[in-house]
file input.csv (CSV, C-alpha atoms and all ligand atoms)
chain,number,residue,atom,x,y,z
A,29,MET,CA,-82.1,181.7,122.6
A,30,ASP,CA,-83.7,180.7,125.9
A,31,ALA,CA,-82.0,179.7,129.1
A,32,ALA,CA,-82.1,176.0,128.3
A,33,GLU,CA,-80.3,176.6,125.0
A,34,PHE,CA,-77.9,179.0,126.6
A,35,ARG,CA,-76.9,176.2,129.1
A,36,LYS,CA,-76.2,173.9,126.2
A,37,ARG,CA,-74.4,176.4,124.0
A,38,GLY,CA,-72.5,177.8,127.0
A,39,LYS,CA,-71.0,174.3,127.6
A,40,GLU,CA,-70.2,174.0,124.0
A,41,MET,CA,-68.5,177.3,123.9
A,42,VAL,CA,-66.5,176.6,127.1
A,43,ASN,CA,-65.4,173.3,125.5
A,44,TYR,CA,-64.4,175.1,122.3
A,45,VAL,CA,-62.3,177.7,124.2
A,46,ALA,CA,-60.7,175.0,126.3
A,47,ASP,CA,-59.8,173.0,123.2
A,48,TYR,CA,-58.5,176.2,121.5
A,49,LEU,CA,-56.2,177.0,124.3
A,50,GLU,CA,-55.2,173.5,125.0
A,51,LYS,CA,-54.0,172.9,121.5
A,52,ILE,CA,-53.1,176.4,120.5
A,53,GLU,CA,-49.5,175.5,119.8
A,54,LYS,CA,-50.6,173.6,116.7
A,55,ARG,CA,-51.9,176.7,115.1
A,56,GLN,CA,-49.7,179.0,113.1
A,57,VAL,CA,-49.0,182.1,115.2
A,58,PHE,CA,-49.5,184.7,112.5
A,59,PRO,CA,-52.1,184.1,109.8
A,60,ASP,CA,-51.3,183.9,106.1
A,61,VAL,CA,-54.2,186.1,105.1
A,62,GLU,CA,-53.9,189.4,103.2
A,63,PRO,CA,-55.6,192.6,104.2
A,64,GLY,CA,-59.3,192.5,103.2
A,65,TYR,CA,-59.5,188.7,103.4
A,66,LEU,CA,-62.6,188.7,105.5
A,67,ARG,CA,-65.2,190.8,103.6
A,68,PRO,CA,-65.6,188.4,100.6
A,69,LEU,CA,-66.3,185.6,103.1
A,70,ILE,CA,-69.3,187.2,104.7
A,71,ALA,CA,-72.6,188.7,103.5
A,72,ASP,CA,-72.8,192.4,102.5
A,73,CYS,CA,-75.4,193.2,105.2
A,74,ALA,CA,-76.9,191.7,108.4
A,75,PRO,CA,-79.4,188.9,107.8
A,76,GLN,CA,-83.0,189.8,107.8
A,77,ASP,CA,-84.1,186.5,109.4
A,78,PRO,CA,-82.4,185.0,112.5
A,79,GLU,CA,-79.8,182.4,112.0
A,80,SER,CA,-79.1,179.4,114.3
A,81,PHE,CA,-76.3,179.2,116.8
A,82,GLU,CA,-74.8,176.3,114.7
A,83,ASP,CA,-74.6,178.5,111.6
A,84,VAL,CA,-72.7,181.2,113.5
A,85,PHE,CA,-70.6,178.7,115.4
A,86,LYS,CA,-69.3,176.8,112.4
A,87,ASP,CA,-68.1,180.1,110.9
A,88,ILE,CA,-65.7,180.7,113.8
A,89,GLU,CA,-63.2,178.1,112.3
A,90,LYS,CA,-64.1,179.1,108.7
A,91,ILE,CA,-64.0,182.9,108.9
A,92,ILE,CA,-62.5,184.1,112.1
A,93,MET,CA,-59.7,181.7,113.1
A,94,PRO,CA,-57.9,182.0,109.7
A,95,GLY,CA,-57.4,185.6,110.5
A,96,VAL,CA,-56.5,185.4,114.2
A,97,THR,CA,-53.0,186.1,115.5
A,98,HIS,CA,-52.7,183.7,118.4
A,99,TRP,CA,-51.5,185.8,121.2
A,100,HIS,CA,-51.6,182.9,123.7
A,101,SER,CA,-49.5,180.6,121.6
A,102,PRO,CA,-46.2,179.5,123.2
A,103,TYR,CA,-44.6,180.7,120.0
A,104,PHE,CA,-46.0,184.2,120.2
A,105,PHE,CA,-43.3,186.7,121.2
A,106,ALA,CA,-44.6,190.0,119.7
A,107,TYR,CA,-45.6,193.2,121.5
A,108,PHE,CA,-46.2,192.0,125.0
A,109,PRO,CA,-47.5,188.9,126.7
A,110,ALA,CA,-51.3,189.5,126.8
A,111,ALA,CA,-52.0,187.9,130.1
A,112,SER,CA,-55.0,185.6,130.4
A,113,SER,CA,-56.1,182.7,132.5
A,114,PHE,CA,-59.1,180.5,133.0
A,115,PRO,CA,-60.2,182.2,136.3
A,116,ALA,CA,-60.1,185.6,134.4
A,117,LEU,CA,-62.2,184.1,131.6
A,118,LEU,CA,-64.8,182.8,134.0
A,119,ALA,CA,-65.0,186.1,135.8
A,120,ASP,CA,-65.5,187.9,132.5
A,121,MET,CA,-68.4,185.5,131.8
A,122,LEU,CA,-70.0,186.4,135.1
A,123,CYS,CA,-69.4,190.1,134.3
A,124,GLY,CA,-71.3,189.6,131.1
A,125,GLY,CA,-74.0,187.7,132.9
A,126,ILE,CA,-74.6,190.4,135.5
A,127,GLY,CA,-74.4,192.9,132.8
A,128,CYS,CA,-74.6,195.9,135.0
A,129,VAL,CA,-73.3,199.3,133.9
A,130,GLY,CA,-71.6,200.7,137.0
A,131,PHE,CA,-71.5,204.4,136.4
A,132,SER,CA,-72.3,205.2,140.0
A,133,TRP,CA,-72.4,203.4,143.4
A,134,ALA,CA,-76.2,203.0,143.2
A,135,ALA,CA,-75.9,201.7,139.6
A,136,SER,CA,-74.5,198.5,141.2
A,137,PRO,CA,-72.9,198.9,144.7
A,138,ALA,CA,-70.8,195.7,144.4
A,139,CYS,CA,-69.3,196.9,141.2
A,140,THR,CA,-68.0,200.1,142.8
A,141,GLU,CA,-67.0,198.6,146.1
A,142,LEU,CA,-65.2,195.5,144.8
A,143,GLU,CA,-63.2,197.6,142.5
A,144,THR,CA,-62.1,199.9,145.4
A,145,VAL,CA,-61.1,197.0,147.5
A,146,MET,CA,-59.3,195.1,144.6
A,147,LEU,CA,-57.2,198.2,143.8
A,148,ASP,CA,-56.2,198.4,147.5
A,149,TRP,CA,-55.2,194.7,147.3
A,150,LEU,CA,-53.2,195.2,144.2
A,151,GLY,CA,-51.7,198.4,145.5
A,152,LYS,CA,-50.5,196.5,148.6
A,153,MET,CA,-49.1,193.8,146.4
A,154,VAL,CA,-46.8,196.2,144.6
A,155,ASN,CA,-46.2,197.9,147.9
A,156,LEU,CA,-47.5,201.3,147.0
A,157,PRO,CA,-47.3,204.0,149.6
A,158,GLU,CA,-50.3,204.1,151.9
A,159,GLU,CA,-51.3,207.4,150.4
A,160,PHE,CA,-52.4,205.7,147.2
A,161,LEU,CA,-54.8,203.4,149.0
A,162,ALA,CA,-58.4,204.1,149.7
A,163,GLY,CA,-58.5,202.0,152.9
A,164,LYS,CA,-61.4,203.0,155.1
A,165,ASP,CA,-60.8,206.7,155.2
A,166,GLY,CA,-57.8,207.4,153.0
A,167,GLN,CA,-57.7,210.2,150.5
A,168,GLY,CA,-56.1,208.1,147.7
A,169,GLY,CA,-57.6,205.3,145.7
A,170,GLY,CA,-57.5,203.3,142.6
A,171,VAL,CA,-59.7,202.7,139.6
A,172,ILE,CA,-59.7,200.3,136.7
A,173,GLN,CA,-59.3,201.9,133.3
A,174,GLY,CA,-59.7,200.1,130.0
A,175,SER,CA,-56.1,200.9,129.0
A,176,ALA,CA,-53.0,202.7,130.1
A,177,SER,CA,-53.6,205.3,127.4
A,178,GLU,CA,-56.8,206.2,129.2
A,179,ALA,CA,-55.0,206.3,132.5
A,180,THR,CA,-52.4,208.7,131.2
A,181,LEU,CA,-55.1,210.9,129.6
A,182,ILE,CA,-57.1,211.0,132.8
A,183,ALA,CA,-53.9,212.0,134.8
A,184,LEU,CA,-53.2,214.7,132.3
A,185,LEU,CA,-56.8,216.1,132.5
A,186,ALA,CA,-56.7,216.0,136.2
A,187,ALA,CA,-53.3,217.8,136.3
A,188,ARG,CA,-54.6,220.3,133.8
A,189,THR,CA,-57.7,221.2,135.8
A,190,LYS,CA,-55.8,221.3,139.1
A,191,ILE,CA,-53.1,223.6,137.7
A,192,ILE,CA,-55.5,225.9,135.9
A,193,ARG,CA,-57.4,226.4,139.2
A,194,GLN,CA,-54.2,227.0,141.1
A,195,VAL,CA,-52.9,229.6,138.6
A,196,GLN,CA,-56.3,231.3,138.4
A,197,SER,CA,-56.3,231.8,142.2
A,198,GLU,CA,-52.8,233.4,142.0
A,199,LYS,CA,-53.3,235.4,138.8
A,200,PRO,CA,-57.0,236.1,138.4
A,201,GLU,CA,-56.3,238.4,135.4
A,202,LEU,CA,-55.5,235.3,133.3
A,203,THR,CA,-58.3,233.6,131.4
A,204,GLU,CA,-58.6,229.8,131.3
A,205,THR,CA,-57.6,229.9,127.6
A,206,GLU,CA,-54.5,232.0,128.3
A,207,ILE,CA,-53.4,229.5,131.0
A,208,MET,CA,-54.2,226.5,128.7
A,209,GLY,CA,-51.9,228.0,126.1
A,210,ARG,CA,-49.0,228.0,128.5
A,211,LEU,CA,-49.3,224.5,129.8
A,212,VAL,CA,-46.5,222.2,129.0
A,213,ALA,CA,-46.3,218.4,129.6
A,214,TYR,CA,-42.9,216.8,129.8
A,215,ALA,CA,-42.2,213.2,128.9
A,216,SER,CA,-39.1,211.1,128.5
A,217,ASP,CA,-38.2,210.7,124.8
A,218,GLN,CA,-38.6,207.0,125.6
A,219,ALA,CA,-42.2,207.4,126.7
A,220,HIS,CA,-44.9,205.4,125.0
A,221,SER,CA,-46.8,206.9,122.0
A,222,SER,CA,-49.9,207.1,124.1
A,223,VAL,CA,-48.3,209.8,126.3
A,224,GLU,CA,-48.0,212.1,123.3
A,225,ARG,CA,-51.5,211.3,122.3
A,226,ALA,CA,-52.9,212.1,125.7
A,227,ALA,CA,-51.3,215.6,125.4
A,228,LEU,CA,-52.8,215.9,121.9
A,229,ILE,CA,-56.3,215.0,123.1
A,230,GLY,CA,-55.9,217.1,126.3
A,231,ALA,CA,-54.7,220.1,124.1
A,232,VAL,CA,-51.5,220.5,126.1
A,233,LYS,CA,-48.2,221.1,124.5
A,234,ILE,CA,-45.7,218.3,125.1
A,235,LYS,CA,-42.0,218.2,125.1
A,236,ASN,CA,-39.5,215.4,125.2
A,237,VAL,CA,-36.8,215.3,127.8
A,238,PRO,CA,-33.8,213.6,126.3
A,239,SER,CA,-32.8,210.3,127.7
A,240,ASP,CA,-29.2,209.2,128.2
A,241,ASP,CA,-27.5,206.1,126.8
A,242,THR,CA,-29.1,203.9,129.4
A,243,PHE,CA,-32.5,205.2,128.1
A,244,SER,CA,-33.0,207.0,131.4
A,245,VAL,CA,-33.9,210.6,132.0
A,246,CYS,CA,-31.9,212.1,134.8
A,247,GLY,CA,-32.9,215.1,136.9
A,248,SER,CA,-30.4,217.4,135.3
A,249,ALA,CA,-31.8,216.8,131.8
A,250,LEU,CA,-35.3,217.6,133.1
A,251,LYS,CA,-34.0,220.7,134.9
A,252,LYS,CA,-32.4,222.0,131.8
A,253,VAL,CA,-35.7,221.8,129.8
A,254,LEU,CA,-37.6,223.4,132.7
A,255,ASP,CA,-35.2,226.2,133.0
A,256,GLU,CA,-35.4,226.9,129.2
A,257,ASP,CA,-39.1,227.1,129.4
A,258,LYS,CA,-39.2,229.4,132.4
A,259,ALA,CA,-37.5,231.9,130.1
A,260,LEU,CA,-40.3,231.5,127.6
A,261,VAL,CA,-43.4,231.3,129.8
A,262,SER,CA,-44.2,232.8,133.1
A,263,CYS,CA,-46.3,230.0,134.5
A,264,LYS,CA,-44.9,227.0,136.3
A,265,ILE,CA,-47.4,224.6,134.8
A,266,ILE,CA,-46.1,221.2,134.1
A,267,GLY,CA,-47.2,217.6,134.0
A,268,LEU,CA,-44.5,215.1,134.0
A,269,PHE,CA,-45.0,211.7,132.4
A,270,ASN,CA,-42.3,209.2,132.7
A,271,GLN,CA,-42.0,205.7,131.5
A,272,LEU,CA,-40.9,203.2,134.0
A,273,PHE,CA,-37.5,201.6,134.0
A,274,ASN,CA,-36.3,205.1,133.2
A,275,LEU,CA,-37.2,206.5,136.6
A,276,PHE,CA,-34.8,208.3,138.8
A,277,PRO,CA,-35.7,209.7,142.1
A,278,SER,CA,-33.8,212.9,141.2
A,279,ILE,CA,-36.4,213.7,138.6
A,280,ILE,CA,-39.1,213.1,141.1
A,281,PHE,CA,-37.6,215.3,143.7
A,282,LEU,CA,-37.3,218.0,141.2
A,283,GLY,CA,-40.9,217.5,140.0
A,284,ASN,CA,-42.1,217.7,143.6
A,285,LYS,CA,-40.2,220.8,144.3
A,286,GLU,CA,-41.4,222.5,141.1
A,287,ASN,CA,-45.0,221.7,141.8
A,288,ILE,CA,-45.3,219.3,138.9
A,289,TRP,CA,-48.0,216.7,138.6
A,290,MET,CA,-46.0,213.5,138.2
A,291,HIS,CA,-47.7,210.5,136.6
A,292,ILE,CA,-45.9,207.2,136.2
A,293,ASP,CA,-46.9,205.0,133.4
A,294,ALA,CA,-45.6,201.5,134.2
A,295,ALA,CA,-48.1,199.8,131.9
A,296,TYR,CA,-45.8,196.8,131.1
A,297,ALA,CA,-43.3,196.7,133.9
A,298,GLY,CA,-45.7,197.4,136.8
A,299,SER,CA,-46.8,193.8,137.3
A,300,ALA,CA,-43.2,192.8,138.1
A,301,PHE,CA,-43.3,194.9,141.3
A,302,ILE,CA,-45.2,192.2,143.1
A,303,CYS,CA,-41.8,190.4,143.3
A,304,PRO,CA,-39.7,192.0,146.1
A,305,GLU,CA,-36.5,191.5,143.9
A,306,PHE,CA,-38.0,194.0,141.3
A,307,ARG,CA,-39.7,196.4,143.6
A,308,HIS,CA,-36.6,198.7,143.9
A,309,LEU,CA,-37.3,199.8,140.4
A,310,LEU,CA,-40.4,201.6,141.7
A,311,ASN,CA,-38.6,203.5,144.4
A,312,GLY,CA,-39.5,207.1,144.3
A,313,VAL,CA,-43.2,206.4,143.5
A,314,GLU,CA,-43.9,208.0,146.8
A,315,PHE,CA,-43.3,211.4,145.1
A,316,ALA,CA,-45.7,210.7,142.2
A,317,ASP,CA,-49.3,212.0,142.1
A,318,SER,CA,-50.6,209.1,140.0
A,319,PHE,CA,-49.4,205.7,138.9
A,320,ASN,CA,-50.7,203.0,136.6
A,321,PHE,CA,-49.9,199.6,135.3
A,322,ASN,CA,-51.7,197.0,133.2
A,323,PRO,CA,-52.6,193.7,134.9
A,324,HIS,CA,-53.8,192.8,131.4
A,325,LYS,CA,-50.2,192.7,130.2
A,326,TRP,CA,-48.5,190.5,132.7
A,327,LEU,CA,-50.7,189.5,135.6
A,328,LEU,CA,-53.0,186.8,134.1
A,329,VAL,CA,-56.0,189.1,133.9
A,330,ASN,CA,-57.3,189.3,130.4
A,331,PHE,CA,-57.7,192.5,128.5
A,332,ASP,CA,-59.0,195.0,129.5
A,333,CYS,CA,-57.7,195.9,133.0
A,334,SER,CA,-55.4,198.9,133.6
A,335,ALA,CA,-55.1,199.7,137.2
A,336,MET,CA,-54.6,203.4,138.1
A,337,TRP,CA,-54.0,205.1,141.5
A,338,VAL,CA,-54.0,208.6,142.7
A,339,LYS,CA,-52.9,210.1,145.9
A,340,LYS,CA,-55.9,212.5,146.1
A,341,ARG,CA,-59.1,211.0,144.9
A,342,SER,CA,-60.6,214.5,145.0
A,343,ASP,CA,-58.5,215.4,141.9
A,344,LEU,CA,-60.6,212.8,140.0
A,345,THR,CA,-63.9,212.6,141.8
A,346,GLY,CA,-66.7,212.9,139.2
A,347,HIS,CA,-64.2,212.2,136.4
A,348,TRP,CA,-62.7,208.8,137.2
A,349,GLN,CA,-62.8,207.8,133.6
A,350,ILE,CA,-63.7,208.9,130.0
A,351,PRO,CA,-66.8,206.8,129.4
A,352,LEU,CA,-69.9,207.0,131.6
A,353,GLY,CA,-70.5,203.3,131.8
A,354,ARG,CA,-68.2,200.8,133.3
A,355,ARG,CA,-68.0,197.0,133.2
A,356,PHE,CA,-67.7,194.9,136.4
A,357,ARG,CA,-64.0,194.4,135.6
A,358,SER,CA,-62.9,194.0,139.2
A,359,LEU,CA,-64.4,190.5,139.1
A,360,LYS,CA,-61.5,189.2,137.0
A,361,LEU,CA,-59.0,190.7,139.5
A,362,TRP,CA,-60.9,189.1,142.4
A,363,PHE,CA,-60.9,185.7,140.8
A,364,VAL,CA,-57.3,185.8,139.6
A,365,LEU,CA,-55.8,187.3,142.9
A,366,ARG,CA,-57.7,184.7,145.0
A,367,MET,CA,-57.1,181.6,142.8
A,368,TYR,CA,-53.4,182.2,142.1
A,369,GLY,CA,-52.6,184.0,145.4
A,370,VAL,CA,-49.7,186.5,145.5
A,371,LYS,CA,-47.2,183.6,145.5
A,372,GLY,CA,-48.7,182.0,142.4
A,373,LEU,CA,-48.5,185.3,140.5
A,374,GLN,CA,-45.0,186.0,141.7
A,375,GLU,CA,-44.0,182.6,140.3
A,376,HIS,CA,-45.7,183.5,137.0
A,377,ILE,CA,-43.8,186.8,136.7
A,378,ARG,CA,-40.5,185.0,137.5
A,379,LYS,CA,-41.2,182.3,134.9
A,380,VAL,CA,-42.1,184.8,132.2
A,381,THR,CA,-39.0,187.0,133.0
A,382,GLY,CA,-36.8,183.9,132.7
A,383,ASN,CA,-38.4,182.9,129.4
A,384,PHE,CA,-38.1,186.4,128.0
A,385,LEU,CA,-34.4,186.5,128.9
A,386,VAL,CA,-33.8,183.2,127.1
A,387,TRP,CA,-35.8,184.4,124.1
A,388,TYR,CA,-34.1,187.8,124.0
A,389,SER,CA,-30.7,186.3,124.1
A,390,LEU,CA,-31.6,184.0,121.2
A,391,VAL,CA,-33.4,186.3,118.8
A,392,GLY,CA,-33.2,189.8,120.2
A,393,TRP,CA,-35.9,192.4,120.1
A,394,GLN,CA,-37.5,192.7,116.7
A,395,GLY,CA,-40.5,194.8,117.7
A,396,LYS,CA,-42.8,192.8,115.5
A,397,VAL,CA,-44.4,189.4,115.2
A,398,SER,CA,-41.6,186.8,115.6
A,399,TRP,CA,-41.0,183.4,117.0
A,400,LEU,CA,-38.1,181.3,117.9
A,401,PRO,CA,-36.2,180.1,114.9
A,402,GLY,CA,-37.0,176.5,114.3
A,403,CYS,CA,-40.0,176.5,116.6
A,404,SER,CA,-42.5,177.9,114.2
A,405,PRO,CA,-45.2,175.3,113.7
B,501,LIG,C1,-48.4,198.9,126.5
B,501,LIG,C2,-48.1,200.3,127.0
B,501,LIG,C3,-49.0,201.3,126.9
B,501,LIG,C4,-50.3,201.2,126.2
B,501,LIG,O1,-51.2,200.4,126.9
B,501,LIG,P1,-52.7,200.4,126.6
B,501,LIG,O2,-53.3,199.7,127.8
B,501,LIG,O3,-52.9,199.5,125.4
B,501,LIG,O4,-53.2,201.8,126.3
B,501,LIG,C5,-48.6,202.6,127.5
B,501,LIG,N1,-47.4,202.7,128.1
B,501,LIG,C6,-46.5,201.7,128.2
B,501,LIG,C7,-45.3,201.9,128.9
B,501,LIG,C8,-46.8,200.4,127.7
B,501,LIG,O5,-46.0,199.4,127.8

call {"tool": "encode", "arguments": {"input": "input.csv", "output": "structure tokens"}}
result
Amino acid sequence: MDAAEFRKRGKEMVNYVADYLEKIEKRQVFPDVEPGYLRPLIADCAPQDPESFEDVFKDIEKIIMPGVTHWHSPYFFAYFPAASSFPALLADMLCGGIGCVGFSWAASPACTELETVMLDWLGKMVNLPEEFLAGKDGQGGGVIQGSASEATLIALLAARTKIIRQVQSEKPELTETEIMGRLVAYASDQAHSSVERAALIGAVKIKNVPSDDTFSVCGSALKKVLDEDKALVSCKIIGLFNQLFNLFPSIIFLGNKENIWMHIDAAYAGSAFICPEFRHLLNGVEFADSFNFNPHKWLLVNFDCSAMWVKKRSDLTGHWQIPLGRRFRSLKLWFVLRMYGVKGLQEHIRKVTGNFLVWYSLVGWQGKVSWLPGCSP
């Protein structure tokens, strides 16, 4: 494909996507297909000879769309509202066009620098304490991860390294392996499954702290678990992972006092904090070491974009993320934040919150693909 054909096909593809989204409510939200539907529809191996764009294009409706769950349908109420918007799609196109792999500043200075500034913008939008921002000479800063799961894992690894170093300086007789064996991470029993998985990958034992009947963990519940463990192990090595909406400053004070790395995973709820009326739910974040939320869930930036901040960049420097390569993901934040403005995004959050409450009162939470009774096309 040369540039002339790319121009032509690019326009066709933009039209196709615009048509798809404009008329998405006419499609059935969840496909009728059975598992394994696709394999019989395509060849056993890749073609030896090149095929035309037309050949590939016509298979989109024939092979792909019949098996697509339409996340952007107005009748889709499963999982979470995967945010997307035209500005984000256009930015992603530019990201693909530039096609840089920004693993270091020199690998593409704009890629690193725009991300740093966008995370400051976003941090200010949710009113994060100054310490989390990079500014011109701050010690904190943000990074875009592909997912909240990665953010939690990165936080756990950073906490692990920091605490191992600290213990080694106090008790040089302990080997790294011995210290590793004594680490414990604590999470609310309401925490997302990715938190347990981070501990599994990071080889750190994890314990649940029981929540109460409001699904909150209170400081006394955490203290009880910590006290039990002190009897068992002699190290004060703890990472605390809490899920937002269950956050009580008492826990954070305790974490702070006990020298606990505190990570807040607000993957879903976080976007709402751009609205002043919801921001109080984040009170206490000033005591955390790291914080993340997913603009790709609720802030009109398409997947993947999980924003993560730390108070001390030096805890991460050199290990900002799991992969070496990184896409120019900050472009989609830049486009969306500028073209909606904070006010536009606040309106969006308020609208979705309103819709969700209406839906919730009608059908309740089913935790699976569902749509409003009578509205299924
Ligand atoms: C959705 C969600 C996650 C997982 O998000 P990914 O970005 O898909 O890894 C983690 N934690 C919470 C609280 C979530 O809502």

call {"tool": "closest_residue", "arguments": {"input": "input.csv", "among": "A:Gln194, A:Asn322, A:Asn155, A:Asn287", "to": "ligand LIG 501 (chain B)", "atoms": "all atoms listed in the file"}}
result
A:Asn322

call {"tool": "closest_atom_pairs", "arguments": {"input": "input.csv", "of": "chain A", "to": "ligand LIG 501 (chain B)", "cutoff": "12 Å", "atoms": "all atoms listed in the file", "output": "CSV"}}
result
residue,atom,partner,partner_atom,distance
A:Ala106,CA,B:LIG501,C1,11.8
A:Tyr107,CA,B:LIG501,C1,8.1
A:Phe108,CA,B:LIG501,C1,7.4
A:Pro109,CA,B:LIG501,C1,10.0
A:Ala110,CA,B:LIG501,C1,9.8
A:Ile172,CA,B:LIG501,O2,11.0
A:Gln173,CA,B:LIG501,O2,8.4
A:Gly174,CA,B:LIG501,O2,6.8
A:Ser175,CA,B:LIG501,O2,3.3
A:Ala176,CA,B:LIG501,O2,3.8
A:Ser177,CA,B:LIG501,O4,3.7
A:Glu178,CA,B:LIG501,O4,6.4
A:Ala179,CA,B:LIG501,O4,7.9
A:Thr180,CA,B:LIG501,C5,8.1
A:Leu181,CA,B:LIG501,O4,9.9
A:Ile182,CA,B:LIG501,O4,11.9
A:Ala215,CA,B:LIG501,C7,11.7
A:Ser216,CA,B:LIG501,C7,11.1
A:Gln218,CA,B:LIG501,C7,9.0
A:Ala219,CA,B:LIG501,C7,6.7
A:His220,CA,B:LIG501,N1,4.8
A:Ser221,CA,B:LIG501,C5,7.2
A:Ser222,CA,B:LIG501,C5,5.8
A:Val223,CA,B:LIG501,C5,7.3
A:Glu224,CA,B:LIG501,C5,10.4
A:Arg225,CA,B:LIG501,O4,10.4
A:Ala226,CA,B:LIG501,O4,10.3
A:Phe269,CA,B:LIG501,N1,10.3
A:Asn270,CA,B:LIG501,C7,8.8
A:Gln271,CA,B:LIG501,C7,5.7
A:Leu272,CA,B:LIG501,C7,6.9
A:Phe273,CA,B:LIG501,C7,9.3
A:Asn274,CA,B:LIG501,C7,10.5
A:His291,CA,B:LIG501,N1,11.5
A:Ile292,CA,B:LIG501,C7,9.0
A:Asp293,CA,B:LIG501,C7,5.7
A:Ala294,CA,B:LIG501,C7,5.3
A:Ala295,CA,B:LIG501,C8,4.4
A:Tyr296,CA,B:LIG501,O5,4.2
A:Ala297,CA,B:LIG501,O5,7.2
A:Gly298,CA,B:LIG501,C7,9.1
A:Ser299,CA,B:LIG501,O5,11.1
A:Phe319,CA,B:LIG501,N1,11.4
A:Asn320,CA,B:LIG501,N1,9.1
A:Phe321,CA,B:LIG501,C6,8.1
A:Asn322,CA,B:LIG501,O2,6.2
A:Pro323,CA,B:LIG501,O2,9.3
A:His324,CA,B:LIG501,O2,7.8
A:Lys325,CA,B:LIG501,C1,7.4
A:Trp326,CA,B:LIG501,C1,10.4
A:Asn330,CA,B:LIG501,O2,11.4
A:Phe331,CA,B:LIG501,O2,8.5
A:Asp332,CA,B:LIG501,O2,7.6
A:Cys333,CA,B:LIG501,O2,7.8
A:Ser334,CA,B:LIG501,O2,6.2
A:Ala335,CA,B:LIG501,O2,9.6
A:Met336,CA,B:LIG501,O2,11.0

call {"tool": "atom_distance", "arguments": {"input": "input.csv", "atom1": "CA of Ala183 in chain A", "atom2": "CA of Leu310 in chain A"}}
result
18.4 Å

call {"tool": "closest_residue", "arguments": {"input": "input.csv", "among": "A:Leu122, A:Leu185, A:Leu361, A:Ala249", "to": "Gly230 in chain A", "atoms": "all atoms listed in the file"}}
result
A:Leu185

call {"tool": "closest_residue", "arguments": {"input": "input.csv", "among": "A:Met208, A:Leu309, A:Leu359, A:Val61", "to": "Glu143 in chain A", "atoms": "all atoms listed in the file"}}
result
A:Leu359

call {"tool": "atom_distance", "arguments": {"input": "input.csv", "atom1": "CA of Leu49 in chain A", "atom2": "CA of Ile302 in chain A"}}
result
26.6 Å

call {"tool": "residues_near_point", "arguments": {"input": "input.csv", "point": "(-54.7, 225.4, 134.1)", "cutoff": "9 Å", "atoms": "all atoms listed in the file", "output": "ChimeraX atom specification"}}
result
/A:187-196,204-211,265

call {"tool": "closest_residue", "arguments": {"input": "input.csv", "among": "A:Met290, A:Leu66, A:Val313, A:Val154", "to": "Ile88 in chain A", "atoms": "only C-alpha atoms"}}
result
A:Leu66

call {"tool": "residues_around", "arguments": {"input": "input.csv", "residues": "Lys86 in chain A", "least_positions_apart": "5", "cutoff": "12 Å", "atoms": "all atoms listed in the file", "output": "CSV table (one decimal) with C-alpha atoms, keeping the file's coordinate frame"}}
result
chain,number,residue,atom,x,y,z
A,40,GLU,CA,-70.2,174.0,124.0
A,41,MET,CA,-68.5,177.3,123.9
A,44,TYR,CA,-64.4,175.1,122.3
A,79,GLU,CA,-79.8,182.4,112.0
A,80,SER,CA,-79.1,179.4,114.3
A,81,PHE,CA,-76.3,179.2,116.8
A,91,ILE,CA,-64.0,182.9,108.9
A,92,ILE,CA,-62.5,184.1,112.1
A,93,MET,CA,-59.7,181.7,113.1

call {"tool": "residues_around", "arguments": {"input": "input.csv", "residues": "range 235-237 of chain A", "least_positions_apart": "6", "cutoff": "8 Å", "atoms": "all atoms listed in the file", "output": "PyMOL selection string"}}
result
chain A and resi 212-217+245+249-250+253

call {"tool": "closest_residue", "arguments": {"input": "input.csv", "among": "A:Gly163, A:Gly38, A:Gly372, A:Gly346", "to": "Ser132 in chain A", "atoms": "only C-alpha atoms"}}
result
A:Gly346

call {"tool": "atom_distance", "arguments": {"input": "input.csv", "atom1": "CA of Pro75 in chain A", "atom2": "CA of Glu62 in chain A"}}
result
25.9 Å

call {"tool": "closest_residue", "arguments": {"input": "input.csv", "among": "A:Pro157, A:Leu327, A:Arg35, A:Ala135", "to": "His376 in chain A", "atoms": "only C-alpha atoms"}}
result
A:Leu327

call {"tool": "residues_around", "arguments": {"input": "input.csv", "residues": "Gly130 in chain A", "least_positions_apart": "5", "cutoff": "6 Å", "atoms": "all atoms listed in the file", "output": "PDB file with C-alpha atoms, keeping the file's coordinate frame"}}
result
ATOM      1  CA  ALA A 135     -75.900 201.700 139.600  1.00  0.00           C
ATOM      2  CA  SER A 136     -74.500 198.500 141.200  1.00  0.00           C
ATOM      3  CA  GLY A 353     -70.500 203.300 131.800  1.00  0.00           C
ATOM      4  CA  ARG A 354     -68.200 200.800 133.300  1.00  0.00           C
TER       5      ARG A 354
END

call {"tool": "residues_near_point", "arguments": {"input": "input.csv", "point": "(-59.9, 210.0, 148.7)", "cutoff": "8 Å", "atoms": "all atoms listed in the file", "output": "PyMOL selection string"}}
result
chain A and resi 162+165-169+339-342

call {"tool": "residues_around", "arguments": {"input": "input.csv", "residues": "Asp148 in chain A", "least_positions_apart": "2", "cutoff": "8 Å", "atoms": "all atoms listed in the file", "output": "JSON, numbers by chain"}}
result
{"A": [144, 145, 146, 150, 151, 152, 161, 162, 163, 169, 170]}

call {"tool": "write_last_selection", "arguments": {"input": "input.csv", "atoms": "C-alpha atoms", "output": "CSV table (one decimal), keeping the file's coordinate frame"}}
result
chain,number,residue,atom,x,y,z
A,144,THR,CA,-62.1,199.9,145.4
A,145,VAL,CA,-61.1,197.0,147.5
A,146,MET,CA,-59.3,195.1,144.6
A,150,LEU,CA,-53.2,195.2,144.2
A,151,GLY,CA,-51.7,198.4,145.5
A,152,LYS,CA,-50.5,196.5,148.6
A,161,LEU,CA,-54.8,203.4,149.0
A,162,ALA,CA,-58.4,204.1,149.7
A,163,GLY,CA,-58.5,202.0,152.9
A,169,GLY,CA,-57.6,205.3,145.7
A,170,GLY,CA,-57.5,203.3,142.6
